[in-house]
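Asker: What follows is a structure written as structure tokens; I'll ask about it next.
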Amino acid sequence: MVIKVDENIELRQMEISDSGEIFRLIDSQREYLGRWLPFVEYTKGVSDTEKFVESIVNASDDRFELVFTIRKSGEFIGLIGFKDTDRINKKSEIGYWLSEREQRQGIITKSVSALCQYAFGKLDINRIQIKCAAGNIASKNVPKRLGFLLEGVEREGELLTGNVFTDLEIYSKLRSDLNNR
């Protein structure tokens with residue numbers, strides 16, 4: 001599946017063949033990505049990335065999540081997708097990360113907007129949430145720009161590299177929010 005974000009950006013459903021590109025980007029930007037993404041520390045070789053991708057691609061129907069590579073003019077630049085989807089209660093979370101050199105271009109904001117449209121329109125989702133480390137200003141600005149509501153803080157909700165806990169700010173958007181704008 002492909003979701004066209006704009007003339008240069010598309011979201012392509014992740015495939016096992018993407019493992020090498022994903023690992024190379026993580027490996028080349030360990031310090032930058034590792035500041036806020038705990039998995040970077042444990043991604044030592046391409047086999048670690050292959051295991052992650054296989055766990056997504058080959059998940060059972062009741063655990064399957066849509067995860068996409070973000071591509072700019074065909075080049076892999078990051079990941080975005082749904083996680084912890086609760087189909088009974090029609091809610092999901094969106095997570096994302098992007099190459100350092102592609103920051104500050106609106107790519108994640110536009111990609112999250114496209115996923116929200118897809119979730120509300122095609123997946124019958126009622127609630128989407130985004131959790132951001134309290135200190136990660138760039139990440140927090142995404143849900144703010146898209147009209148998500150800050151619901152609160154999950155104190156020490158994520159363990160970062162270096163055995164340091166960080167608070168997570170929880171933002172949400174409801175399907176009904178679309179009608180109230």
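Please note that chains go A, B, ... in the order of the structure tokens, that every chain numbers its residues from 1, and that ligands are numbered from 1 in the order shown.
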Residues near region 114-116 of chain A, anyone? I mean within 12 Å using only C-alpha atoms, not counting same-chain ones fewer than 2 positions away, as number ranges by chain.

Answerer: A: 2-6, 9-13, 66-68, 70, 80-82, 91-96, 107-112, 118-130, 143, 146-148, 172-175, 177-178

Asker: If we count only C-alpha atoms and set the cut-off at 6 Å, which residues sit around Thr49 (chain A), ignoring sequence neighbours fewer than 2 positions away in its own chain? Please answer as a list in words.

Answerer: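 The filter keeps Ser19, Phe23, Val46, Ser47, Lys51 and Phe52 of chain A.
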
Asker: Those same residues - N, CA and C atoms - I'd like them written as a CSV table (one decimal), in the first residue's frame.

Answerer:
chain,number,residue,atom,x,y,z
A,19,SER,N,14.7,-3.6,5.1
A,19,SER,CA,15.5,-3.8,6.3
A,19,SER,C,16.9,-3.2,6.2
A,23,PHE,N,18.3,-0.1,8.5
A,23,PHE,CA,19.5,-0.2,9.3
A,23,PHE,C,20.6,0.8,9.0
A,46,VAL,N,22.3,-5.4,11.0
A,46,VAL,CA,21.1,-5.5,10.1
A,46,VAL,C,20.2,-6.6,10.5
A,47,SER,N,20.7,-7.6,11.2
A,47,SER,CA,19.8,-8.7,11.6
A,47,SER,C,18.8,-8.2,12.7
A,51,LYS,N,14.8,-8.5,12.2
A,51,LYS,CA,13.8,-9.1,13.1
A,51,LYS,C,12.7,-8.2,13.4
A,52,PHE,N,13.0,-6.9,13.6
A,52,PHE,CA,11.9,-5.9,13.8
A,52,PHE,C,11.0,-5.9,12.6

Asker: Give the answer as one residue: which of A:Asp18, A:Asp48, A:Glu169, A:Glu158 has the shortest atom-to-atom distance to Thr69 (chain A), using only C-alpha atoms?

Answerer: A:Asp18

Asker: Taking into account only C-alpha atoms, which residue in the set A:Tyr32, A:Phe165, A:Tyr171, A:Tyr42 is nearest to Gly152 (chain A)?

Answerer: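 Looking only at the distances to Gly152 (chain A), the closest residue turns out to be A:Tyr171.
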
Asker: Nearest to Val57 (chain A): which of A:Leu160, A:Met14, A:Ala138, A:Leu149 is it, counting only C-alpha atoms?

Answerer: A:Met14

Asker: With only C-alpha atoms as the basis for distance, which of A:Ile88, A:Gly20, A:Asn141, A:Gly157 is at the shortest distance from Arg104 (chain A)?

Answerer: A:Asn141

Asker: Near Gly135 (chain A), within 9 Å and counting only C-alpha atoms, which residues show up once chain neighbours fewer than 2 positions away are dropped, as a ChimeraX atom specification?

Answerer: /A:36,132-133,137-140,166-168
